[in-house]
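Structure data (mmCIF, C-alpha atoms) from upload-v4.cif:
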data_upload
#
loop_
_atom_site.label_atom_id
_atom_site.label_comp_id
_atom_site.auth_asym_id
_atom_site.auth_seq_id
_atom_site.Cartn_x
_atom_site.Cartn_y
_atom_site.Cartn_z
CA MET A 1 -12.45 5.52 -1.72
CA VAL A 2 -11.41 1.94 -2.49
CA LYS A 3 -11.86 -0.37 0.49
CA LEU A 4 -9.57 -3.43 0.52
CA LEU A 5 -9.72 -6.42 2.86
CA PHE A 6 -6.80 -8.86 2.75
CA ILE A 7 -7.56 -12.42 3.86
CA CYS A 8 -5.45 -15.36 5.01
CA HIS A 9 -6.13 -18.34 7.25
CA GLY A 10 -5.43 -16.88 10.69
CA ASN A 11 -4.77 -13.14 10.13
CA ILE A 12 -1.42 -13.24 11.92
CA CYS A 13 1.06 -13.62 9.01
CA ARG A 14 0.21 -13.03 5.36
CA SER A 15 -2.90 -10.86 5.49
CA PRO A 16 -1.55 -8.38 8.07
CA MET A 17 1.71 -8.27 6.12
CA ALA A 18 -0.32 -7.42 3.00
CA GLU A 19 -2.36 -4.84 4.94
CA PHE A 20 0.74 -2.98 6.09
CA VAL A 21 2.69 -3.37 2.83
CA MET A 22 -0.27 -1.91 0.92
CA LYS A 23 -0.66 0.90 3.46
CA ALA A 24 3.05 1.73 3.06
CA LEU A 25 2.80 1.71 -0.75
CA VAL A 26 -0.31 3.90 -0.66
CA ARG A 27 1.37 6.30 1.77
CA SER A 28 4.53 6.51 -0.40
CA ARG A 29 2.35 7.52 -3.36
CA ARG A 30 0.33 10.00 -1.25
CA LEU A 31 -2.90 8.10 -1.95
CA GLU A 32 -4.04 7.69 1.67
CA ASP A 33 -7.35 9.49 0.98
CA GLU A 34 -8.14 7.03 -1.81
CA TYR A 35 -7.80 3.76 0.13
CA HIS A 36 -9.08 2.10 3.28
CA ILE A 37 -7.14 -1.12 4.03
CA GLU A 38 -7.73 -3.87 6.60
CA SER A 39 -7.11 -7.60 6.99
CA ALA A 40 -8.97 -10.58 8.43
CA ALA A 41 -9.02 -14.39 8.58
CA VAL A 42 -11.22 -17.19 7.30
CA SER A 43 -10.67 -18.99 10.61
CA ASP A 44 -11.37 -17.87 14.16
CA GLU A 45 -8.53 -19.90 15.72
CA GLU A 46 -6.19 -16.87 16.04
CA THR A 47 -8.87 -14.26 16.88
CA GLY A 48 -7.44 -11.67 19.26
CA ASN A 49 -3.84 -12.71 18.70
CA PRO A 50 -1.22 -10.18 17.54
CA ILE A 51 0.79 -10.34 14.33
CA TYR A 52 3.16 -13.31 14.45
CA PRO A 53 6.63 -12.09 15.61
CA PRO A 54 8.55 -13.34 12.53
CA ALA A 55 6.09 -11.45 10.31
CA LYS A 56 6.74 -8.30 12.36
CA ARG A 57 10.49 -8.83 12.02
CA CYS A 58 10.20 -9.18 8.25
CA LEU A 59 8.15 -6.00 7.95
CA THR A 60 10.66 -4.16 10.15
CA GLN A 61 13.60 -5.42 8.06
CA HIS A 62 11.93 -3.91 4.99
CA GLY A 63 11.10 -0.64 6.71
CA VAL A 64 7.36 -1.27 6.60
CA PRO A 65 5.60 0.27 9.60
CA PHE A 66 2.80 -1.68 11.26
CA ASP A 67 0.31 -1.18 14.05
CA ASN A 68 1.48 -3.15 17.07
CA SER A 69 -2.07 -3.20 18.41
CA LYS A 70 -3.34 -5.10 15.34
CA THR A 71 -5.05 -8.35 16.38
CA ALA A 72 -6.55 -11.12 14.31
CA ARG A 73 -10.23 -11.12 13.45
CA LYS A 74 -12.44 -13.33 11.34
CA ILE A 75 -14.19 -12.05 8.23
CA THR A 76 -17.98 -11.70 8.55
CA PRO A 77 -20.76 -11.72 5.97
CA ALA A 78 -21.18 -7.96 6.61
CA ASP A 79 -17.63 -7.39 5.31
CA TYR A 80 -18.85 -8.19 1.80
CA ALA A 81 -20.91 -4.98 1.79
CA ARG A 82 -18.21 -2.94 3.58
CA PHE A 83 -15.34 -3.70 1.17
CA ASP A 84 -14.83 -3.22 -2.58
CA ARG A 85 -12.23 -5.99 -2.88
CA ILE A 86 -11.63 -9.04 -0.71
CA ILE A 87 -8.15 -10.30 -1.52
CA CYS A 88 -7.23 -13.86 -0.55
CA MET A 89 -3.70 -15.16 -0.14
CA ASP A 90 -4.37 -18.68 -1.45
CA ALA A 91 -6.88 -21.07 -3.01
CA SER A 92 -7.70 -22.58 0.38
CA ASN A 93 -8.78 -19.12 1.59
CA LEU A 94 -11.03 -18.85 -1.48
CA ARG A 95 -12.68 -22.17 -0.64
CA LEU A 96 -13.12 -21.38 3.04
CA ILE A 97 -14.48 -17.90 2.43
CA ARG A 98 -17.44 -19.49 0.61
CA ARG A 99 -18.62 -20.85 3.98
CA ILE A 100 -18.84 -17.27 5.27
CA ILE A 101 -19.78 -15.44 2.07
CA PRO A 102 -21.54 -18.08 -0.07
CA SER A 103 -21.82 -15.99 -3.23
CA ASP A 104 -19.88 -13.19 -4.88
CA PRO A 105 -22.41 -11.47 -7.16
CA GLU A 106 -20.26 -8.33 -7.48
CA GLY A 107 -17.00 -10.18 -8.25
CA LYS A 108 -15.18 -8.75 -5.24
CA ILE A 109 -13.24 -11.84 -4.13
CA HIS A 110 -9.84 -12.42 -5.77
CA LEU A 111 -6.44 -14.02 -5.23
CA LEU A 112 -3.72 -11.43 -4.59
CA MET A 113 -1.35 -12.95 -7.12
CA SER A 114 -4.01 -12.85 -9.84
CA TYR A 115 -3.22 -9.14 -10.18
CA THR A 116 0.28 -10.10 -11.31
CA GLY A 117 -1.14 -12.16 -14.18
CA ARG A 118 -0.31 -15.40 -12.37
CA SER A 119 -3.17 -16.89 -10.42
CA ARG A 120 -1.15 -18.67 -7.75
CA ASP A 121 -0.89 -18.73 -3.98
CA VAL A 122 1.17 -16.34 -1.87
CA ALA A 123 3.86 -18.44 -0.20
CA ASP A 124 2.72 -19.49 3.29
CA PRO A 125 5.48 -18.85 5.87
CA TRP A 126 3.57 -20.70 8.58
CA TYR A 127 4.79 -23.94 7.02
CA THR A 128 8.08 -22.85 5.46
CA GLY A 129 9.38 -20.22 7.88
CA ASP A 130 10.39 -18.26 4.76
CA PHE A 131 8.91 -14.84 5.45
CA GLU A 132 11.11 -13.19 2.83
CA THR A 133 9.50 -15.11 -0.04
CA THR A 134 6.09 -14.27 1.39
CA PHE A 135 7.04 -10.59 1.62
CA GLN A 136 8.21 -10.54 -1.99
CA ASP A 137 4.99 -12.21 -3.20
CA ILE A 138 2.90 -9.71 -1.25
CA LEU A 139 4.92 -6.73 -2.47
CA GLU A 140 4.57 -7.88 -6.08
CA GLY A 141 0.82 -8.42 -5.72
CA CYS A 142 0.21 -5.11 -3.96
CA GLU A 143 2.25 -3.18 -6.51
CA ALA A 144 0.27 -4.85 -9.30
CA MET A 145 -3.01 -3.92 -7.60
CA LEU A 146 -1.91 -0.28 -7.34
CA ALA A 147 -0.78 -0.26 -10.96
CA ALA A 148 -4.28 -1.44 -11.89
CA ARG A 149 -5.62 1.42 -9.71
CA LEU A 150 -7.57 -0.91 -7.43
#

Take the structure I supplied and represent it as C-alpha cells, if you would.
Amino acid sequence: MVKLLFICHGNICRSPMAEFVMKALVRSRRLEDEYHIESAAVSDEETGNPIYPPAKRCLTQHGVPFDNSKTARKITPADYARFDRIICMDASNLRLIRRIIPSDPEGKIHLLMSYTGRSRDVADPWYTGDFETTFQDILEGCEAMLAARL
C-alpha cells in the first residue's frame, strides 16, 4: 500500500483538496486497497479548523466528495516513517517542512507539480481567491502521480 501525505501551509485549502481529489481518482480506478491518503500542514495556526468553505464549494462543484469532519493538523516528525511520499504544494512548504523533518534520506518529500514534469507551485487560492486554478493544478498533479503509479 502506498501511503501519501499532502502538505500545504494551513491544511484548510490546497492539501485537503489534494487529499480528496486523489481519493476520488483512486476510487474511480478501483485502487482503494492500494493507497492510504491524508493531508497536513507545515504550520499549526489552523490546527483543528475545518476545510475552508470556498475549497469545499470548489470540490462540490467538481463532484469530488470530502469528509466534512476533516480538520487541519500539523505534520510531525513521525509522519516521515508513516508515509511513503510527502507531497508539498509549494516551495515555501518544502522550506518549512525542513524545520519539522530536517533530512529526507529516503527521498520522500516532493512538490506535487514535479510529477507533471514542471517543478512549480500549486496556485495558492488563499491569496488569489481562484480555487478553480488551484483545483486544476491539483487534478493535473494527482493524475500524473497515478500515471507514475505512486

Matched chain/residue IDs from the PyMOL selection byres ((chain A and resi 19) around 8), as a compact mmCIF listing (two decimals) with C-alpha atoms, keeping the file's coordinate frame:
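Here's the written file out-v4.txt:
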# COMPACT_ATOMS: atom_id res chain seq x y z
CA LEU A 5 -9.72 -6.42 2.86
CA PHE A 6 -6.80 -8.86 2.75
CA SER A 15 -2.90 -10.86 5.49
CA PRO A 16 -1.55 -8.38 8.07
CA MET A 17 1.71 -8.27 6.12
CA ALA A 18 -0.32 -7.42 3.00
CA PHE A 20 0.74 -2.98 6.09
CA VAL A 21 2.69 -3.37 2.83
CA MET A 22 -0.27 -1.91 0.92
CA LYS A 23 -0.66 0.90 3.46
CA ILE A 37 -7.14 -1.12 4.03
CA GLU A 38 -7.73 -3.87 6.60
CA SER A 39 -7.11 -7.60 6.99

How would you write, as an MDAnalysis selection string, the residues chosen by the PyMOL selection byres ((chain A and resi 60-74) around 10) on this structure?
chainID A and resid 7:13 15:17 19:25 38:52 54:59 75:76 79 100 132 135

Which residues are close to Lys3 of chain A, i.e. within 8 Å by all atoms listed in the file, leaving aside same-chain residues fewer than 6 positions away? Reply as a list of chain:residue names.
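So the residues in contact are A:Tyr35, A:His36, A:Ile37, A:Arg82, A:Phe83, A:Asp84, A:Arg85.
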
Minimum-distance residue to Asp33 of chain A, chosen among A:Ile101, A:Val2, A:Val122, A:Ala91 (using all atoms listed in the file):
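Closest to Asp33 of chain A, using all atoms listed in the file: A:Val2.
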
Could you tell me which of A:Asp104, A:Ile86, A:Gly129, A:Tyr115 comes closest to Ala147 of chain A if we count only C-alpha atoms?
A:Tyr115

Give as a PDB file with C-alpha atoms, keeping the file's coordinate frame every residue, naming chains and numbers as the document does, that has an atom within 12 Å of (-0.2, -0.7, -7.1), counting all atoms listed in the file.
ATOM      1  CA  VAL A  21       2.690  -3.370   2.830  1.00  0.00           C
ATOM      2  CA  MET A  22      -0.270  -1.910   0.920  1.00  0.00           C
ATOM      3  CA  LYS A  23      -0.660   0.900   3.460  1.00  0.00           C
ATOM      4  CA  ALA A  24       3.050   1.730   3.060  1.00  0.00           C
ATOM      5  CA  LEU A  25       2.800   1.710  -0.750  1.00  0.00           C
ATOM      6  CA  VAL A  26      -0.310   3.900  -0.660  1.00  0.00           C
ATOM      7  CA  ARG A  27       1.370   6.300   1.770  1.00  0.00           C
ATOM      8  CA  SER A  28       4.530   6.510  -0.400  1.00  0.00           C
ATOM      9  CA  ARG A  29       2.350   7.520  -3.360  1.00  0.00           C
ATOM     10  CA  LEU A  31      -2.900   8.100  -1.950  1.00  0.00           C
ATOM     11  CA  TYR A  35      -7.800   3.760   0.130  1.00  0.00           C
ATOM     12  CA  LEU A 112      -3.720 -11.430  -4.590  1.00  0.00           C
ATOM     13  CA  TYR A 115      -3.220  -9.140 -10.180  1.00  0.00           C
ATOM     14  CA  THR A 116       0.280 -10.100 -11.310  1.00  0.00           C
ATOM     15  CA  ILE A 138       2.900  -9.710  -1.250  1.00  0.00           C
ATOM     16  CA  LEU A 139       4.920  -6.730  -2.470  1.00  0.00           C
ATOM     17  CA  GLU A 140       4.570  -7.880  -6.080  1.00  0.00           C
ATOM     18  CA  GLY A 141       0.820  -8.420  -5.720  1.00  0.00           C
ATOM     19  CA  CYS A 142       0.210  -5.110  -3.960  1.00  0.00           C
ATOM     20  CA  GLU A 143       2.250  -3.180  -6.510  1.00  0.00           C
ATOM     21  CA  ALA A 144       0.270  -4.850  -9.300  1.00  0.00           C
ATOM     22  CA  MET A 145      -3.010  -3.920  -7.600  1.00  0.00           C
ATOM     23  CA  LEU A 146      -1.910  -0.280  -7.340  1.00  0.00           C
ATOM     24  CA  ALA A 147      -0.780  -0.260 -10.960  1.00  0.00           C
ATOM     25  CA  ALA A 148      -4.280  -1.440 -11.890  1.00  0.00           C
ATOM     26  CA  ARG A 149      -5.620   1.420  -9.710  1.00  0.00           C
ATOM     27  CA  LEU A 150      -7.570  -0.910  -7.430  1.00  0.00           C
TER      28      LEU A 150
END

Could you check how far atom CA of Pro77 of chain A sits from atom CA of Glu106 of chain A, in Å to one decimal?
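The value is 13.9 Å.
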
For Pro102 of chain A, list every protein, DNA or RNA residue within 12 Å, evaluated using only C-alpha atoms, and leave out those in the same chain fewer than 6 positions away; present the list as number ranges by chain.
A: 76-77, 80, 94-96, 109

How would the residues just chosen look if you wrote them out with C-alpha atoms as a CSV table (one decimal), keeping the file's coordinate frame?
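Printed below is selection.csv as written:
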chain,number,residue,atom,x,y,z
A,76,THR,CA,-18.0,-11.7,8.6
A,77,PRO,CA,-20.8,-11.7,6.0
A,80,TYR,CA,-18.8,-8.2,1.8
A,94,LEU,CA,-11.0,-18.8,-1.5
A,95,ARG,CA,-12.7,-22.2,-0.6
A,96,LEU,CA,-13.1,-21.4,3.0
A,109,ILE,CA,-13.2,-11.8,-4.1

Atom pair atom CA of Asp124 of chain A / atom CA of Ile87 of chain A: separation (Å)
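Result for atom CA of Asp124 of chain A versus atom CA of Ile87 of chain A: 15.0 Å, one decimal.
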